[in-house]
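Asks: Structure supplied as input10.cif; contents: mmCIF, C-alpha atoms.
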```
data_final
#
loop_
_atom_site.label_atom_id
_atom_site.label_comp_id
_atom_site.auth_asym_id
_atom_site.auth_seq_id
_atom_site.Cartn_x
_atom_site.Cartn_y
_atom_site.Cartn_z
CA MET A 1 -4.20 74.31 8.85
CA ASN A 2 -6.73 72.25 10.79
CA LYS A 3 -9.99 74.06 11.41
CA ILE A 4 -13.29 73.17 13.06
CA GLU A 5 -16.41 75.13 12.14
CA ALA A 6 -18.41 75.89 15.26
CA THR A 7 -21.64 77.84 15.69
CA GLY A 8 -20.76 81.20 14.17
CA TYR A 9 -17.01 80.97 14.58
CA ASP A 10 -13.96 78.90 13.68
CA ILE A 11 -11.61 76.95 15.93
CA LEU A 12 -8.13 77.22 14.39
CA PHE A 13 -5.17 74.94 15.16
CA GLY A 14 -1.43 75.56 15.05
CA LEU A 15 0.74 78.59 14.46
CA GLU A 16 -1.12 79.37 11.23
CA GLY A 17 -4.06 80.38 13.41
CA TYR A 18 -2.20 83.54 14.39
CA ASP A 19 -2.08 84.64 10.75
CA VAL A 20 -5.86 84.40 10.57
CA LEU A 21 -6.19 86.15 13.91
CA GLY A 22 -3.90 88.99 12.86
CA ALA A 23 -5.70 89.47 9.55
CA TYR A 24 -9.05 89.51 11.37
CA LEU A 25 -7.91 92.14 13.87
CA ASN A 26 -6.49 94.32 11.09
CA GLU A 27 -9.67 94.03 9.04
CA LYS A 28 -12.04 94.82 11.91
CA ALA A 29 -10.03 97.86 13.04
CA TYR A 30 -11.18 97.62 16.65
CA THR A 31 -10.94 100.77 18.72
CA ASN A 32 -9.25 98.85 21.52
CA ILE A 33 -7.83 95.37 21.85
CA ILE A 34 -7.90 94.30 25.48
CA ILE A 35 -5.78 91.23 26.19
CA LEU A 36 -6.96 89.62 29.43
CA THR A 37 -4.53 87.23 31.09
CA ASP A 38 -3.45 86.13 34.54
CA SER A 39 -0.18 86.56 36.39
CA ASN A 40 1.14 83.13 35.37
CA CYS A 41 0.25 83.39 31.69
CA ASN A 42 1.51 86.95 31.43
CA GLU A 43 4.94 85.67 32.37
CA LEU A 44 4.96 82.25 30.67
CA CYS A 45 2.70 82.63 27.61
CA MET A 46 2.55 86.28 26.62
CA PRO A 47 6.02 86.41 24.98
CA HIS A 48 5.14 83.51 22.65
CA PHE A 49 1.75 85.01 21.87
CA LEU A 50 3.05 88.48 21.04
CA ALA A 51 5.89 87.04 18.96
CA HIS A 52 3.35 85.30 16.71
CA LEU A 53 0.65 87.98 16.52
CA PRO A 54 1.05 89.63 13.07
CA THR A 55 -0.67 92.94 13.67
CA ASP A 56 0.38 96.46 14.47
CA VAL A 57 -2.95 97.30 16.08
CA PRO A 58 -2.26 98.72 19.56
CA PHE A 59 -3.43 96.70 22.53
CA GLU A 60 -3.64 96.91 26.31
CA ILE A 61 -3.03 94.08 28.77
CA ILE A 62 -5.16 93.55 31.86
CA GLU A 63 -3.73 91.03 34.31
CA ILE A 64 -5.73 89.24 37.00
CA GLU A 65 -4.52 86.97 39.78
CA ALA A 66 -4.24 83.30 38.86
CA GLY A 67 -6.56 80.68 40.33
CA GLU A 68 -10.22 79.70 40.72
CA ALA A 69 -10.45 81.82 43.89
CA TYR A 70 -10.31 84.93 41.67
CA LYS A 71 -13.06 83.85 39.28
CA ASP A 72 -15.60 86.06 40.98
CA LEU A 73 -17.62 89.24 40.57
CA GLU A 74 -15.04 91.30 42.44
CA THR A 75 -12.41 90.42 39.84
CA CYS A 76 -14.94 91.11 37.07
CA ALA A 77 -15.64 94.54 38.51
CA GLY A 78 -11.93 95.30 38.52
CA VAL A 79 -11.55 94.22 34.89
CA LEU A 80 -14.61 96.21 33.81
CA GLN A 81 -13.31 99.29 35.63
CA SER A 82 -9.93 98.92 33.92
CA MET A 83 -11.66 98.65 30.55
CA THR A 84 -13.55 101.89 31.09
CA GLU A 85 -10.35 103.63 32.16
CA LEU A 86 -8.66 102.38 28.99
CA GLY A 87 -11.46 103.88 26.93
CA ALA A 88 -12.96 100.61 25.69
CA ASP A 89 -16.15 101.17 23.70
CA ARG A 90 -18.63 99.04 21.77
CA ASN A 91 -16.10 98.60 18.98
CA SER A 92 -13.51 97.10 21.32
CA ILE A 93 -12.62 93.43 21.70
CA VAL A 94 -11.51 91.25 24.60
CA LEU A 95 -8.88 88.67 23.72
CA THR A 96 -8.27 86.09 26.45
CA LEU A 97 -4.90 84.43 26.89
CA GLY A 98 -5.11 81.88 29.67
CA GLY A 99 -6.70 78.80 31.13
CA GLY A 100 -10.26 78.05 32.13
CA VAL A 101 -10.58 80.86 34.66
CA VAL A 102 -9.39 83.52 32.20
CA SER A 103 -11.56 82.10 29.40
CA ASP A 104 -14.72 81.89 31.52
CA LEU A 105 -14.26 85.27 33.19
CA GLY A 106 -13.05 87.06 30.07
CA GLY A 107 -15.93 85.75 28.02
CA PHE A 108 -18.38 86.89 30.70
CA VAL A 109 -16.85 90.36 30.95
CA ALA A 110 -17.01 90.77 27.16
CA SER A 111 -20.62 89.58 27.05
CA VAL A 112 -21.83 92.20 29.57
CA TYR A 113 -19.60 95.21 28.85
CA MET A 114 -21.79 97.79 27.09
CA ARG A 115 -24.29 94.92 26.61
CA GLY A 116 -21.75 92.84 24.76
CA ILE A 117 -18.56 93.28 22.76
CA ASP A 118 -16.53 90.82 20.71
CA CYS A 119 -14.30 88.21 22.28
CA ILE A 120 -11.59 85.83 21.02
CA TYR A 121 -10.09 82.96 23.03
CA VAL A 122 -6.49 81.80 22.96
CA PRO A 123 -6.54 79.01 25.58
CA THR A 124 -3.25 78.08 27.21
CA SER A 125 -4.23 75.07 29.38
CA LEU A 126 -5.42 71.66 28.27
CA LEU A 127 -8.65 72.17 30.19
CA ALA A 128 -9.35 75.46 28.44
CA MET A 129 -8.53 74.00 25.02
CA VAL A 130 -10.90 71.04 25.23
CA ASP A 131 -13.60 72.62 27.38
CA ALA A 132 -13.74 76.23 28.56
CA SER A 133 -12.97 77.93 25.24
CA VAL A 134 -15.45 75.88 23.18
CA GLY A 135 -19.21 76.22 23.23
CA GLY A 136 -19.95 79.81 24.23
CA LYS A 137 -20.50 79.32 27.96
CA THR A 138 -19.15 82.10 30.14
CA GLY A 139 -19.34 82.29 33.89
CA VAL A 140 -18.00 83.26 37.29
CA ASP A 141 -18.49 81.86 40.77
CA LEU A 142 -20.57 83.41 43.54
CA GLY A 143 -20.27 82.38 47.16
CA GLY A 144 -18.30 79.34 46.11
CA ILE A 145 -21.02 78.15 43.73
CA LYS A 146 -19.43 77.27 40.39
CA ASN A 147 -20.44 79.37 37.36
CA ILE A 148 -23.73 80.45 38.94
CA VAL A 149 -23.43 83.84 37.18
CA GLY A 150 -22.89 83.62 33.44
CA THR A 151 -24.10 83.98 29.89
CA PHE A 152 -24.13 82.18 26.57
CA ALA A 153 -21.94 84.21 24.22
CA MET A 154 -20.08 82.73 21.26
CA PRO A 155 -16.57 84.04 20.57
CA LYS A 156 -15.49 85.34 17.19
CA MET A 157 -12.63 82.86 17.00
CA VAL A 158 -10.63 80.34 19.03
CA VAL A 159 -6.92 79.72 18.36
CA ILE A 160 -5.56 76.40 19.67
CA ASP A 161 -1.77 76.43 20.01
CA THR A 162 -0.59 73.38 21.93
CA THR A 163 2.84 74.97 22.37
CA TYR A 164 1.42 76.56 25.52
CA LEU A 165 0.98 73.12 27.09
CA GLU A 166 4.75 73.04 27.59
CA THR A 167 4.26 75.62 30.37
CA LEU A 168 2.02 73.27 32.38
CA ASN A 169 3.04 70.85 35.09
CA ALA A 170 1.88 67.22 35.11
CA ARG A 171 -0.97 67.93 37.52
CA GLU A 172 -2.47 70.59 35.25
CA ILE A 173 -2.16 68.32 32.21
CA LYS A 174 -4.01 65.55 34.06
CA ALA A 175 -6.71 68.03 35.11
CA GLY A 176 -7.46 68.78 31.46
CA TYR A 177 -7.17 65.11 30.59
CA ALA A 178 -10.23 64.42 32.78
CA GLU A 179 -12.45 66.37 30.40
CA MET A 180 -11.05 64.35 27.50
CA LEU A 181 -11.87 61.10 29.32
CA LYS A 182 -15.36 62.51 29.82
CA HIS A 183 -15.77 63.08 26.08
CA GLY A 184 -15.01 59.42 25.50
CA LEU A 185 -17.34 58.28 28.27
CA ILE A 186 -20.34 60.23 27.01
CA TYR A 187 -19.83 59.92 23.26
CA ASP A 188 -17.04 57.70 21.96
CA ARG A 189 -16.14 54.38 23.61
CA SER A 190 -13.10 53.80 21.38
CA TYR A 191 -11.73 57.24 22.31
CA PHE A 192 -12.08 56.43 26.01
CA ASN A 193 -10.36 53.09 25.44
CA HIS A 194 -7.50 54.91 23.72
CA LEU A 195 -7.11 57.38 26.58
CA GLN A 196 -7.28 54.85 29.41
CA ASP A 197 -3.57 54.26 29.76
CA ILE A 198 -2.10 57.74 30.04
CA ALA A 199 1.40 56.27 30.15
CA GLN A 200 0.99 55.09 26.55
CA ILE A 201 -0.16 58.47 25.19
CA ASP A 202 2.29 60.16 22.84
CA PHE A 203 2.18 63.71 24.18
CA SER A 204 4.14 64.97 21.19
CA ASP A 205 0.94 64.32 19.24
CA LEU A 206 -1.38 65.83 21.83
CA GLU A 207 -2.89 68.20 19.26
CA THR A 208 -4.55 65.22 17.57
CA LEU A 209 -6.28 64.23 20.83
CA VAL A 210 -7.25 67.84 21.57
CA TYR A 211 -8.73 68.08 18.07
CA HIS A 212 -10.80 64.91 18.59
CA SER A 213 -12.13 66.12 21.95
CA ILE A 214 -13.13 69.46 20.47
CA VAL A 215 -14.87 67.71 17.57
CA ILE A 216 -16.97 65.76 20.08
CA LYS A 217 -17.87 68.79 22.18
CA ASN A 218 -18.58 70.91 19.12
CA GLU A 219 -20.97 68.33 17.64
CA ILE A 220 -22.94 68.23 20.88
CA VAL A 221 -23.02 72.01 21.24
CA LYS A 222 -24.10 72.61 17.64
CA ALA A 223 -27.12 70.37 18.17
CA ASP A 224 -28.14 72.24 21.35
CA PRO A 225 -26.34 75.59 21.78
CA LYS A 226 -28.32 76.82 24.83
CA GLU A 227 -28.29 73.52 26.74
CA ASN A 228 -32.02 72.89 26.59
CA GLY A 229 -31.51 69.16 26.13
CA GLN A 230 -28.71 67.05 24.67
CA ARG A 231 -25.90 69.46 25.56
CA LYS A 232 -26.51 68.58 29.20
CA VAL A 233 -24.58 65.34 28.67
CA LEU A 234 -21.38 67.41 28.72
CA ASN A 235 -22.03 67.82 32.45
CA PHE A 236 -21.29 64.18 33.24
CA GLY A 237 -19.22 64.12 36.41
CA HIS A 238 -19.91 67.80 37.07
CA THR A 239 -22.87 67.59 39.48
CA VAL A 240 -20.72 65.77 41.99
CA GLY A 241 -17.46 67.29 40.71
CA HIS A 242 -18.55 70.91 41.09
CA ALA A 243 -19.81 70.17 44.61
CA ILE A 244 -16.46 68.63 45.55
CA GLU A 245 -14.58 71.55 44.00
CA SER A 246 -16.74 74.15 45.76
CA TYR A 247 -16.46 72.36 49.10
CA PHE A 248 -12.66 72.33 49.01
CA LEU A 249 -12.42 75.86 47.63
CA GLU A 250 -14.58 77.30 50.39
CA LEU A 251 -13.73 75.12 53.39
CA HIS A 252 -10.29 73.71 52.64
CA PRO A 253 -8.52 76.35 50.52
CA GLU A 254 -5.18 74.96 51.68
CA ASN A 255 -5.99 71.76 49.79
CA THR A 256 -7.94 73.03 46.79
CA LEU A 257 -8.65 70.57 44.00
CA LEU A 258 -8.26 71.56 40.36
CA HIS A 259 -11.47 71.51 38.33
CA GLY A 260 -10.48 68.45 36.30
CA GLU A 261 -9.48 66.52 39.41
CA ALA A 262 -12.85 67.18 41.03
CA VAL A 263 -14.65 66.18 37.84
CA ALA A 264 -12.63 62.96 37.65
CA PHE A 265 -13.76 61.98 41.14
CA GLY A 266 -17.28 63.09 40.25
CA MET A 267 -17.30 60.78 37.23
CA VAL A 268 -16.55 57.80 39.45
CA ILE A 269 -19.49 58.59 41.73
CA GLU A 270 -21.82 59.25 38.80
CA ALA A 271 -20.66 56.03 37.11
CA TYR A 272 -21.63 54.18 40.30
CA LEU A 273 -25.04 55.86 40.21
CA SER A 274 -25.29 54.87 36.54
CA MET A 275 -25.35 51.24 37.68
CA GLN A 276 -28.30 52.02 39.96
CA PHE A 277 -30.35 54.20 37.61
CA ALA A 278 -29.17 53.56 34.06
CA GLN A 279 -28.29 49.85 34.06
CA MET A 280 -24.59 50.38 33.45
CA PRO A 281 -22.89 46.95 33.62
CA ILE A 282 -20.79 46.53 36.75
CA GLU A 283 -17.68 45.69 34.73
CA GLU A 284 -17.95 49.05 32.93
CA TYR A 285 -18.27 50.89 36.24
CA GLU A 286 -15.21 49.07 37.56
CA ASN A 287 -13.34 49.96 34.37
CA ILE A 288 -14.13 53.67 34.85
CA ARG A 289 -13.31 53.54 38.56
CA ASP A 290 -9.99 51.79 38.05
CA THR A 291 -8.96 54.01 35.13
CA ILE A 292 -9.58 57.20 37.09
CA SER A 293 -8.03 55.80 40.26
CA ASN A 294 -4.87 54.87 38.34
CA ILE A 295 -4.52 58.42 37.00
CA TYR A 296 -5.82 60.57 39.85
CA GLY A 297 -5.52 58.41 42.96
CA GLU A 298 -8.39 58.31 45.44
CA LEU A 299 -10.08 61.08 47.36
CA GLN A 300 -10.20 60.40 51.09
CA LEU A 301 -13.36 61.85 52.64
CA THR A 302 -15.01 61.49 56.04
CA GLU A 303 -18.75 60.95 56.37
CA ASN A 304 -19.28 64.56 57.45
CA MET A 305 -17.31 65.82 54.45
CA VAL A 306 -19.47 63.72 52.12
CA LEU A 307 -22.67 65.06 53.69
CA ASP A 308 -21.42 68.62 53.26
CA ILE A 309 -20.48 67.96 49.63
CA VAL A 310 -23.93 66.54 48.89
CA GLU A 311 -25.47 69.70 50.32
CA TRP A 312 -23.48 71.76 47.80
CA MET A 313 -25.28 69.86 45.02
CA ARG A 314 -28.49 71.75 45.70
CA PHE A 315 -26.97 74.67 43.75
CA ASP A 316 -26.42 72.64 40.57
CA LYS A 317 -27.94 74.38 37.56
CA LYS A 318 -29.48 71.15 36.19
CA ASN A 319 -31.67 70.71 39.27
CA ALA A 320 -35.41 71.25 39.02
CA LYS A 321 -38.19 71.41 41.63
CA GLY A 322 -35.70 70.81 44.39
CA GLU A 323 -34.56 67.52 42.87
CA ILE A 324 -30.93 66.69 42.07
CA ARG A 325 -30.71 65.77 38.40
CA MET A 326 -27.69 64.14 36.83
CA VAL A 327 -26.18 62.90 33.61
CA LEU A 328 -25.73 59.13 33.77
CA LEU A 329 -24.31 56.46 31.46
CA PRO A 330 -26.26 53.35 30.42
CA SER A 331 -22.96 52.28 28.87
CA ILE A 332 -19.57 53.78 28.04
CA GLY A 333 -20.07 56.06 25.03
CA GLU A 334 -23.76 56.67 25.74
CA ALA A 335 -25.29 59.29 28.07
CA ILE A 336 -28.73 60.27 29.30
CA TYR A 337 -29.68 63.41 31.19
CA ASP A 338 -32.18 64.80 33.71
CA VAL A 339 -32.11 61.66 35.84
CA THR A 340 -33.40 62.36 39.37
CA VAL A 341 -31.11 60.91 42.04
CA SER A 342 -31.73 60.86 45.80
CA LYS A 343 -29.24 62.29 48.28
CA GLU A 344 -29.19 58.95 50.09
CA LEU A 345 -27.92 57.08 47.05
CA ILE A 346 -25.41 59.80 46.25
CA VAL A 347 -23.97 59.40 49.75
CA LYS A 348 -23.84 55.65 49.17
CA GLY A 349 -21.94 56.30 45.94
CA PHE A 350 -19.16 57.84 48.03
CA GLY A 351 -18.88 54.55 49.89
CA ILE A 352 -20.75 55.84 52.95
CA GLU A 353 -23.49 53.46 54.09
#
```
Any chance you could give the structure as structure tokens?
Replies:
Amino acid sequence: MNKIEATGYDILFGLEGYDVLGAYLNEKAYTNIIILTDSNCNELCMPHFLAHLPTDVPFEIIEIEAGEAYKDLETCAGVLQSMTELGADRNSIVLTLGGGVVSDLGGFVASVYMRGIDCIYVPTSLLAMVDASVGGKTGVDLGGIKNIVGTFAMPKMVVIDTTYLETLNAREIKAGYAEMLKHGLIYDRSYFNHLQDIAQIDFSDLETLVYHSIVIKNEIVKADPKENGQRKVLNFGHTVGHAIESYFLELHPENTLLHGEAVAFGMVIEAYLSMQFAQMPIEEYENIRDTISNIYGELQLTENMVLDIVEWMRFDKKNAKGEIRMVLLPSIGEAIYDVTVSKELIVKGFGIE
């Protein structure tokens, strides 16, 4: 069984991970096991999960609505209320079965319930496997602002079972793929080169790529668990990407972008800014732009939309003293952080003069 040792917990791969999970749950003898999932995963993923969970410990399922729109404090309050009604105490555990929303929200709920109870992640989307379930960040949105409420709380275990990826459509796979491209861009040029042509990827061996992405993220997180410095590089594409995502979620809910899609577009803009502020060679910027355009298409925005999106950036958690600060790339595979960028140049990065 493949295993990655993270900060205080293990990331387990394959069906054998359920054996470890079952043994852990039996040994700990939790008062309550709360399985948090969403409406999609409850239907598509829960049967597979329960069929492979070797434990007779009783559990309860709490289901939330699917989608980023429900990653908010109102949903958290409903989950917390359900937990109290189910008699959850300080010796209970939250086990999340779902994508990024379920992982982020479930981890947050566990970290604040009775000042913190245990949590285990079983991610079911590519995005959650390579990003949301690794690193101990939890969070929910407030007023459309991404992850503005959250905590750092490491899980007790993560089980990666790529069988769940068979439940995803192509758009959701590509959304998670954006975070994998990001890992190559900030840390491993050869990995990015390998991922560039998605048509050539052997998806039957996707677990190998997921493993490599998690290794990259885990190495960065272990060196800086609370994001005081180097861990910030994992936010490449996210300053612009989160602003794009929030803008569409709040003002154009009929045309909401997935997180990975917004980050992909954000990486193009931040690669352009990398030419201006970090001396990225123009041919590398064009490589990034063309790669992402080939996979995700192009985002058509008016000048007013761009100006509104830039205004959303003032809520980014990396900002300081009213300045927008970004992660930029001197070159593919190398990242720097806390680079101050003006709104005027960000607008120019969108192609608006």
Asks: Under the PyMOL selection byres ((chain A and resi 69) around 10), which residues of this model are included? Write them out as a PyMOL selection string.
Replies: chain A and resi 65-68+70-72+75+101+141+144+249-250+253+256
Asks: Report the residues retrieved by the PyMOL selection byres ((chain A and resi 326) around 9) from the displayed file, expressed as a PyMOL selection string.
Replies: chain A and resi 232-233+235-240+270+318-319+324-325+327-328+336-341
Asks: What separation in Å, quoted to one decimal, exists between atom CA of Ala175 of chain A and atom CA of Glu261 of chain A?
Replies: 5.3 Å
Asks: Once the PyMOL selection byres ((chain A and resi 176) around 9) has been evaluated on this model, what residues remain selected, and can you format them as a list in words?
Replies: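 On the file shown, the PyMOL selection byres ((chain A and resi 176) around 9) covers Ser125, Leu126, Leu127, Ala128, Met129, Val130, Asp131, Arg171, Glu172, Ile173, Lys174, Ala175, Tyr177, Ala178, Glu179, Met180, His259, Gly260 and Glu261 of chain A.
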Asks: Ranking A:Gln196, A:Thr162, A:Asn2, A:Thr167 by minimum distance to Arg289 of chain A and counting all atoms listed in the file, which one comes first?
Replies: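 Under the stated criterion, the closest residue is A:Gln196.
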Asks: My list of candidates is A:Leu185, A:Met1, A:Val122, A:Leu12. Which is closest to Ile214 of chain A when distances are computed with only C-alpha atoms?
Replies: A:Leu12
Asks: Which one of A:Val268, A:Leu97, A:Ile309, A:Ala6 sits closest to Thr291 of chain A if you count all atoms listed in the file?
Replies: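 Closest to Thr291 of chain A of all the choices is A:Val268.
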Asks: For the atom pair atom CA of Glu5 of chain A and atom CA of Val210 of chain A, what is the interatomic distance in Å to one decimal place?
Replies: 15.0 Å
Asks: Just checking: using only C-alpha atoms, which residue out of A:Asp197, A:Glu207, A:Asp19, A:Asp38 ends up closest to Gly99 of chain A?
Replies: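 Nearest candidate to Gly99 of chain A out of A:Asp197, A:Glu207, A:Asp19, A:Asp38: A:Asp38.
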Asks: Using all atoms listed in the file, which of the listed residues (A:Ala262, A:Leu36, A:Ala23, A:Met157) sits closest to Gly8 of chain A?
Replies: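 Closest residue, counting all atoms listed in the file: A:Met157.
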Asks: Could you check which of A:Phe203, A:Pro281, A:Gly349, A:His212 is closest to Met267 of chain A, using all atoms listed in the file?
Replies: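 For Met267 of chain A, the nearest of the candidates is A:Gly349.
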Asks: Please measure the separation of atom CA of Val306 of chain A and atom CA of Val347 of chain A, giving the value in Å to one decimal.
Replies: 6.7 Å
